[in-house]
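The block underneath contains the structure these notes are about, expressed in structure tokens.
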Amino acid sequence: MSTPTIYITITAHGFGHAARTASIAGHLQKLLPTVKLIMVTTAPKWLLACYIDGDFIYRQRGFDVGVVQADSLKMDLDATLSKWQQIITAKDEIIAEEVAYCQEQGVNLVFGDAPPLATLIAEKLGVPCWMSGNFGWDFIYRDWGREFTAIADWIGDCYGRCDRLFRVPLHESMARFPVIEDVGLTGGDPKYPVDFIRDKFDIQPAKQTILLTFGGLSLDAIPYQNIDRFPDYRFITLDAHAPDLPNLVKVLDRAYRPVDFMPLCDRVLSKPGYSTYAEALKLQIPIISLTRSGFAESEIILNGMQDFGYHQVISPDQFFADNWDFLNLPLQPPRSSQKLAVDGNQSIAHSILDYLGVNLSTAFQTSS
């Protein structure tokens, strides 16, 4: 058969959707090195390369909005609405351009997380559209009411044209999708041995080691000064703007991701977000999470975290206070005795290969 080609569209919102989708793509490439991956996103190429070891085509396009934000907690609803109106007005032009591109590339399958336009591109192209995710954007927007109701209706109609949804844990019902297959957690896995990370970044043993990670948008005015109150703790951040402090390890090399540091951490301090939670839950690392209002996914994510992992929930006021007394409080155990499946990357990749009719043993012989 000709080179199998997958057109992968990723929602234009932070880094989480890109990280978890690139993790699936990276696993697919390991199983089938000859696959041609077209990664369609506004996320930076270097981020995708952290999860995909081999070559891929980087097509810098955005087909949805997500939420326009100043940082990981502050949302701009008016700007979000305006951008969506622009996209819907231009949708026919966008679809025509992408269909022509996909035809040139010989695309066999459209995969998304989860720009609604992906379903219309696939429909016009004449190939299936598969998606993965834990929520649809209509679920987020419908909660906001006002002019977002019409946009949520339009998005729901697009999702109704999706041929197959791989629904990951920590999800809303996603009932607009006609075919739903539940899979395990997706997301990245650590690339390096713990001792290598500890030695390279001189992360000395401490009473507790805590990873501070707030997604690609980070947070405005993180109160790093509180770290001074815990001299026997070790903190790790990938925030290039963090101050230089004796017990703060600042990681500036983009080749390293939060998940690469999780195995040597006692806790992860974050905000509600599927990718960070999924990676921590897969590794059974406790999570200290801020709450987040106005974003419907957050309550679902927080509930899932409390059900399946050791955890602590704090308010933004506690986080931005000048003491971080919450670090002295005990963690809460998981509320459920059930265990989450962690094989989402593998399940989705194998389903794609099955659809392509790829025999793995033959594929490896051909590529070797």
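Residues in the structure tokens are numbered from 1 in each chain, the chains being A, B, ... in the order shown, and ligands are numbered from 1 in the order shown.
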- Identify, with DSSP run on backbone atoms, the residues in stretch 64-241 of chain A assigned to strand (DSSP E), and express the list as a ChimeraX atom specification. /A:109-113,129-133,164-167,180-182,208-212,233-237
Which residues are near stretch 173-185 of chain A? Cut-off 9 Å, only C-alpha atoms, ignore same chain within fewer than 5 positions. Put them as a JSON list (two decimals) with N, CA, C and O atoms, in the first residue's frame.
[["chain", "number", "residue", "atom", "x", "y", "z"],
["A", 134, "ASN", "N", -11.56, 14.15, 26.43],
["A", 134, "ASN", "CA", -12.39, 13.96, 27.62],
["A", 134, "ASN", "C", -13.53, 14.97, 27.68],
["A", 134, "ASN", "O", -14.35, 14.91, 28.59],
["A", 135, "PHE", "N", -13.56, 15.92, 26.74],
["A", 135, "PHE", "CA", -14.68, 16.85, 26.68],
["A", 135, "PHE", "C", -14.74, 17.45, 25.27],
["A", 135, "PHE", "O", -13.77, 17.43, 24.52],
["A", 136, "GLY", "N", -15.93, 17.95, 24.92],
["A", 136, "GLY", "CA", -16.10, 18.69, 23.68],
["A", 136, "GLY", "C", -16.22, 20.16, 23.99],
["A", 136, "GLY", "O", -16.68, 20.55, 25.08],
["A", 139, "PHE", "N", -19.46, 21.61, 25.25],
["A", 139, "PHE", "CA", -19.71, 21.42, 26.68],
["A", 139, "PHE", "C", -19.20, 22.62, 27.48],
["A", 139, "PHE", "O", -19.87, 23.10, 28.41],
["A", 156, "GLY", "N", -21.70, 21.07, 18.37],
["A", 156, "GLY", "CA", -22.33, 19.77, 18.63],
["A", 156, "GLY", "C", -22.74, 19.07, 17.35],
["A", 156, "GLY", "O", -22.61, 17.85, 17.24],
["A", 157, "ASP", "N", -23.22, 19.83, 16.38],
["A", 157, "ASP", "CA", -23.57, 19.24, 15.09],
["A", 157, "ASP", "C", -22.33, 18.68, 14.39],
["A", 157, "ASP", "O", -22.37, 17.60, 13.80],
["A", 158, "CYS", "N", -21.22, 19.41, 14.47],
["A", 158, "CYS", "CA", -19.97, 18.92, 13.88],
["A", 158, "CYS", "C", -19.52, 17.63, 14.55],
["A", 158, "CYS", "O", -19.14, 16.66, 13.87],
["A", 159, "TYR", "N", -19.57, 17.60, 15.86],
["A", 159, "TYR", "CA", -19.17, 16.40, 16.58],
["A", 159, "TYR", "C", -20.06, 15.20, 16.23],
["A", 159, "TYR", "O", -19.61, 14.05, 16.26],
["A", 160, "GLY", "N", -21.31, 15.49, 15.91],
["A", 160, "GLY", "CA", -22.22, 14.42, 15.51],
["A", 160, "GLY", "C", -21.82, 13.74, 14.20],
["A", 160, "GLY", "O", -22.33, 12.68, 13.87],
["A", 161, "ARG", "N", -20.89, 14.35, 13.47],
["A", 161, "ARG", "CA", -20.40, 13.77, 12.21],
["A", 161, "ARG", "C", -19.08, 13.02, 12.40],
["A", 161, "ARG", "O", -18.51, 12.53, 11.43],
["A", 162, "CYS", "N", -18.61, 12.94, 13.63],
["A", 162, "CYS", "CA", -17.38, 12.20, 13.92],
["A", 162, "CYS", "C", -17.67, 10.70, 13.82],
["A", 162, "CYS", "O", -18.68, 10.21, 14.34],
["A", 163, "ASP", "N", -16.79, 9.97, 13.18],
["A", 163, "ASP", "CA", -17.02, 8.54, 12.95],
["A", 163, "ASP", "C", -16.67, 7.67, 14.15],
["A", 163, "ASP", "O", -17.22, 6.58, 14.31],
["A", 164, "ARG", "N", -15.76, 8.15, 15.00],
["A", 164, "ARG", "CA", -15.35, 7.32, 16.15],
["A", 164, "ARG", "C", -14.65, 8.21, 17.16],
["A", 164, "ARG", "O", -13.73, 8.94, 16.82],
["A", 165, "LEU", "N", -15.12, 8.16, 18.40],
["A", 165, "LEU", "CA", -14.50, 8.91, 19.48],
["A", 165, "LEU", "C", -13.84, 7.95, 20.46],
["A", 165, "LEU", "O", -14.49, 7.01, 20.95],
["A", 166, "PHE", "N", -12.58, 8.17, 20.75],
["A", 166, "PHE", "CA", -11.90, 7.47, 21.83],
["A", 166, "PHE", "C", -12.02, 8.36, 23.06],
["A", 166, "PHE", "O", -11.34, 9.39, 23.17],
["A", 167, "ARG", "N", -12.89, 7.96, 23.96],
["A", 167, "ARG", "CA", -13.17, 8.77, 25.15],
["A", 167, "ARG", "C", -12.23, 8.34, 26.28],
["A", 167, "ARG", "O", -12.24, 7.20, 26.72],
["A", 168, "VAL", "N", -11.41, 9.28, 26.72],
["A", 168, "VAL", "CA", -10.43, 8.99, 27.77],
["A", 168, "VAL", "C", -11.07, 9.24, 29.14],
["A", 168, "VAL", "O", -12.12, 9.87, 29.24],
["A", 278, "ALA", "N", -3.43, 13.29, 33.97],
["A", 278, "ALA", "CA", -3.30, 11.95, 33.42],
["A", 278, "ALA", "C", -1.89, 11.41, 33.60],
["A", 278, "ALA", "O", -1.69, 10.25, 33.98],
["A", 279, "GLU", "N", -0.91, 12.25, 33.34],
["A", 279, "GLU", "CA", 0.48, 11.80, 33.48],
["A", 279, "GLU", "C", 0.81, 11.51, 34.94],
["A", 279, "GLU", "O", 1.49, 10.52, 35.24],
["A", 281, "LEU", "N", -1.41, 10.67, 37.32],
["A", 281, "LEU", "CA", -2.18, 9.49, 37.73],
["A", 281, "LEU", "C", -1.58, 8.21, 37.18],
["A", 281, "LEU", "O", -1.57, 7.18, 37.86],
["A", 282, "LYS", "N", -1.07, 8.26, 35.94],
["A", 282, "LYS", "CA", -0.43, 7.07, 35.40],
["A", 282, "LYS", "C", 0.76, 6.65, 36.25],
["A", 282, "LYS", "O", 1.04, 5.46, 36.41],
["A", 340, "LEU", "N", -7.68, 3.15, 37.20],
["A", 340, "LEU", "CA", -7.86, 3.60, 35.83],
["A", 340, "LEU", "C", -6.95, 2.83, 34.88],
["A", 340, "LEU", "O", -5.79, 2.57, 35.21],
["A", 341, "ALA", "N", -7.46, 2.48, 33.72],
["A", 341, "ALA", "CA", -6.61, 1.91, 32.68],
["A", 341, "ALA", "C", -5.64, 3.00, 32.19],
["A", 341, "ALA", "O", -5.99, 4.18, 32.16],
["A", 342, "VAL", "N", -4.45, 2.60, 31.84],
["A", 342, "VAL", "CA", -3.42, 3.58, 31.45],
["A", 342, "VAL", "C", -2.90, 3.33, 30.03],
["A", 342, "VAL", "O", -1.85, 3.85, 29.66],
["A", 343, "ASP", "N", -3.65, 2.59, 29.25],
["A", 343, "ASP", "CA", -3.17, 2.15, 27.93],
["A", 343, "ASP", "C", -3.81, 2.91, 26.78],
["A", 343, "ASP", "O", -3.93, 2.38, 25.66],
["A", 344, "GLY", "N", -4.20, 4.16, 27.00],
["A", 344, "GLY", "CA", -4.89, 4.91, 25.95],
["A", 344, "GLY", "C", -4.06, 5.10, 24.70],
["A", 344, "GLY", "O", -4.56, 4.91, 23.58],
["A", 345, "ASN", "N", -2.79, 5.49, 24.85],
["A", 345, "ASN", "CA", -1.94, 5.67, 23.67],
["A", 345, "ASN", "C", -1.89, 4.41, 22.82],
["A", 345, "ASN", "O", -2.02, 4.45, 21.59],
["A", 346, "GLN", "N", -1.67, 3.29, 23.48],
["A", 346, "GLN", "CA", -1.53, 2.03, 22.77],
["A", 346, "GLN", "C", -2.85, 1.62, 22.11],
["A", 346, "GLN", "O", -2.85, 1.18, 20.94],
["A", 347, "SER", "N", -3.95, 1.75, 22.83],
["A", 347, "SER", "CA", -5.24, 1.33, 22.28],
["A", 347, "SER", "C", -5.60, 2.11, 21.03],
["A", 347, "SER", "O", -6.05, 1.53, 20.03],
["A", 348, "ILE", "N", -5.41, 3.42, 21.08],
["A", 348, "ILE", "CA", -5.76, 4.26, 19.94],
["A", 348, "ILE", "C", -4.83, 3.98, 18.76],
["A", 348, "ILE", "O", -5.28, 3.85, 17.61]]
- Could you pull out all residues of stretch 70-247 of chain A with a DSSP call of helix (DSSP H, G or I) and give them as a ChimeraX atom specification? /A:77-89,91-105,117-125,137-142,148-159,194-200,224-229
- Task: Give me the residues within 7 Å of stretch 53-67 of chain A as a VMD selection string, counting only C-alpha atoms and dropping any in the same chain fewer than 2 places off.
- Result: chain A and resid 11 to 13 26 36 to 42 45 49 51 69 75 80 83 to 84 115 117
Since we have the selection now, will you write its residues out, keeping N, CA, C and O atoms, as a PDB file, in the first residue's frame?
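Below is the file that was written, out.pdb:
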ATOM      1  N   THR A  11      -6.590  21.081  18.953  1.00  0.00           N
ATOM      2  CA  THR A  11      -7.268  22.295  19.366  1.00  0.00           C
ATOM      3  C   THR A  11      -6.274  23.378  19.788  1.00  0.00           C
ATOM      4  O   THR A  11      -5.213  23.093  20.346  1.00  0.00           O
ATOM      5  N   ALA A  12      -6.624  24.611  19.488  1.00  0.00           N
ATOM      6  CA  ALA A  12      -5.740  25.751  19.753  1.00  0.00           C
ATOM      7  C   ALA A  12      -5.968  26.252  21.171  1.00  0.00           C
ATOM      8  O   ALA A  12      -6.582  27.291  21.395  1.00  0.00           O
ATOM      9  N   HIS A  13      -5.459  25.502  22.144  1.00  0.00           N
ATOM     10  CA  HIS A  13      -5.700  25.870  23.539  1.00  0.00           C
ATOM     11  C   HIS A  13      -4.571  25.330  24.400  1.00  0.00           C
ATOM     12  O   HIS A  13      -4.489  24.129  24.656  1.00  0.00           O
ATOM     13  N   GLY A  26       3.178   9.806  18.638  1.00  0.00           N
ATOM     14  CA  GLY A  26       4.501   9.246  18.861  1.00  0.00           C
ATOM     15  C   GLY A  26       4.466   7.746  19.042  1.00  0.00           C
ATOM     16  O   GLY A  26       5.347   7.030  18.540  1.00  0.00           O
ATOM     17  N   LYS A  36       3.234   8.519   7.878  1.00  0.00           N
ATOM     18  CA  LYS A  36       3.447   9.960   7.685  1.00  0.00           C
ATOM     19  C   LYS A  36       2.462  10.712   8.575  1.00  0.00           C
ATOM     20  O   LYS A  36       1.246  10.601   8.414  1.00  0.00           O
ATOM     21  N   LEU A  37       3.021  11.455   9.526  1.00  0.00           N
ATOM     22  CA  LEU A  37       2.217  12.214  10.472  1.00  0.00           C
ATOM     23  C   LEU A  37       2.191  13.677  10.055  1.00  0.00           C
ATOM     24  O   LEU A  37       3.236  14.307   9.909  1.00  0.00           O
ATOM     25  N   ILE A  38       0.989  14.209   9.866  1.00  0.00           N
ATOM     26  CA  ILE A  38       0.816  15.636   9.593  1.00  0.00           C
ATOM     27  C   ILE A  38       0.176  16.243  10.836  1.00  0.00           C
ATOM     28  O   ILE A  38      -0.987  16.000  11.136  1.00  0.00           O
ATOM     29  N   MET A  39       0.968  17.009  11.580  1.00  0.00           N
ATOM     30  CA  MET A  39       0.503  17.592  12.828  1.00  0.00           C
ATOM     31  C   MET A  39       0.025  19.024  12.561  1.00  0.00           C
ATOM     32  O   MET A  39       0.815  19.897  12.190  1.00  0.00           O
ATOM     33  N   VAL A  40      -1.270  19.246  12.726  1.00  0.00           N
ATOM     34  CA  VAL A  40      -1.899  20.519  12.374  1.00  0.00           C
ATOM     35  C   VAL A  40      -2.305  21.221  13.667  1.00  0.00           C
ATOM     36  O   VAL A  40      -3.266  20.843  14.329  1.00  0.00           O
ATOM     37  N   THR A  41      -1.567  22.278  14.009  1.00  0.00           N
ATOM     38  CA  THR A  41      -1.774  22.911  15.304  1.00  0.00           C
ATOM     39  C   THR A  41      -1.062  24.258  15.351  1.00  0.00           C
ATOM     40  O   THR A  41      -0.153  24.512  14.562  1.00  0.00           O
ATOM     41  N   THR A  42      -1.478  25.084  16.290  1.00  0.00           N
ATOM     42  CA  THR A  42      -0.741  26.323  16.562  1.00  0.00           C
ATOM     43  C   THR A  42       0.246  26.141  17.710  1.00  0.00           C
ATOM     44  O   THR A  42       0.997  27.065  18.022  1.00  0.00           O
ATOM     45  N   LYS A  45       6.321  23.732  17.393  1.00  0.00           N
ATOM     46  CA  LYS A  45       6.877  22.478  16.877  1.00  0.00           C
ATOM     47  C   LYS A  45       7.761  21.790  17.900  1.00  0.00           C
ATOM     48  O   LYS A  45       7.772  20.561  18.008  1.00  0.00           O
ATOM     49  N   ALA A  49       7.821  17.814  19.174  1.00  0.00           N
ATOM     50  CA  ALA A  49       9.040  17.017  19.055  1.00  0.00           C
ATOM     51  C   ALA A  49       9.443  16.382  20.381  1.00  0.00           C
ATOM     52  O   ALA A  49      10.209  15.414  20.388  1.00  0.00           O
ATOM     53  N   TYR A  51       7.463  14.734  22.133  1.00  0.00           N
ATOM     54  CA  TYR A  51       6.656  13.523  22.246  1.00  0.00           C
ATOM     55  C   TYR A  51       6.767  12.624  21.022  1.00  0.00           C
ATOM     56  O   TYR A  51       6.402  11.453  21.079  1.00  0.00           O
ATOM     57  N   GLN A  69      -6.976  33.210  26.763  1.00  0.00           N
ATOM     58  CA  GLN A  69      -6.623  33.389  28.161  1.00  0.00           C
ATOM     59  C   GLN A  69      -5.361  34.236  28.307  1.00  0.00           C
ATOM     60  O   GLN A  69      -4.442  34.140  27.492  1.00  0.00           O
ATOM     61  N   MET A  75      -9.769  33.956  31.865  1.00  0.00           N
ATOM     62  CA  MET A  75     -10.367  33.748  30.551  1.00  0.00           C
ATOM     63  C   MET A  75     -10.943  35.051  30.005  1.00  0.00           C
ATOM     64  O   MET A  75     -11.494  35.861  30.739  1.00  0.00           O
ATOM     65  N   THR A  80     -12.793  35.255  22.934  1.00  0.00           N
ATOM     66  CA  THR A  80     -13.085  33.886  22.491  1.00  0.00           C
ATOM     67  C   THR A  80     -14.254  33.878  21.518  1.00  0.00           C
ATOM     68  O   THR A  80     -14.206  33.239  20.453  1.00  0.00           O
ATOM     69  N   LYS A  83     -13.281  35.423  18.047  1.00  0.00           N
ATOM     70  CA  LYS A  83     -12.460  34.542  17.222  1.00  0.00           C
ATOM     71  C   LYS A  83     -13.280  33.403  16.638  1.00  0.00           C
ATOM     72  O   LYS A  83     -13.074  32.998  15.490  1.00  0.00           O
ATOM     73  N   TRP A  84     -14.220  32.883  17.434  1.00  0.00           N
ATOM     74  CA  TRP A  84     -15.068  31.813  16.911  1.00  0.00           C
ATOM     75  C   TRP A  84     -15.946  32.322  15.764  1.00  0.00           C
ATOM     76  O   TRP A  84     -16.145  31.628  14.759  1.00  0.00           O
ATOM     77  N   PRO A 115     -10.856  19.792  17.306  1.00  0.00           N
ATOM     78  CA  PRO A 115     -11.433  20.907  16.553  1.00  0.00           C
ATOM     79  C   PRO A 115     -12.667  20.450  15.775  1.00  0.00           C
ATOM     80  O   PRO A 115     -12.593  19.492  14.993  1.00  0.00           O
ATOM     81  N   LEU A 117     -14.115  21.567  13.181  1.00  0.00           N
ATOM     82  CA  LEU A 117     -13.961  21.613  11.731  1.00  0.00           C
ATOM     83  C   LEU A 117     -13.307  20.361  11.162  1.00  0.00           C
ATOM     84  O   LEU A 117     -13.439  20.087   9.966  1.00  0.00           O
TER      85      LEU A 117
END
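Checking A:Ala349, A:Val313, A:Ala280, A:Ala43 one by one against A:Pro330, counting only C-alpha atoms, you find the shortest gap at A:Val313.
The two atoms in question, atom CA of A:Ile52 and atom CA of A:Leu248, are spaced 28.9 Å apart.
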- Query: What lies within 12 Å of stretch 322-329 of chain A using only C-alpha atoms, ignoring chain neighbours under 4 positions off, as a PyMOL selection string?
  - Reply: chain A and resi 207-210+222-230+233+235+266-269+287-290+311-318
- Task: Please provide the set of residues having any atom within 9 Å of A:Pro193, restricted to only C-alpha atoms, with same-chain residues fewer than 3 positions apart removed, written as a PyMOL selection string.
- Result: chain A and resi 190+196-198+260+263
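Take the candidates A:Thr186, A:Gln105, A:Ser336, A:Gln306 and check each one against A:Thr276 using only C-alpha atoms; the shortest distance goes to A:Thr186.
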- Got a sec: who's within 9 Å of A:Thr3, counting only C-alpha atoms, leaving out chain neighbours fewer than 5 positions off, as a PyMOL selection string? chain A and resi 34-36+106
- Write out as a VMD selection string which residues come within 9 Å of A:Trp137 when counting only C-alpha atoms, dropping same-chain ones fewer than 3 positions away. chain A and resid 66 114 to 116 140 to 142 152 155 to 156
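Proximity ranking of A:His171, A:Lys339, A:Arg234, A:Asn359 relative to A:Asn303 places A:His171 first, based on only C-alpha atoms.
Taking atom CA of A:Phe111 as the reference point, atom CA of A:Ser82 is found at 26.1 Å.
Distance check against A:Thr21 using only C-alpha atoms: of A:Glu104, A:Asp113, A:Asp76, A:Asp143, the minimum falls on A:Asp113.
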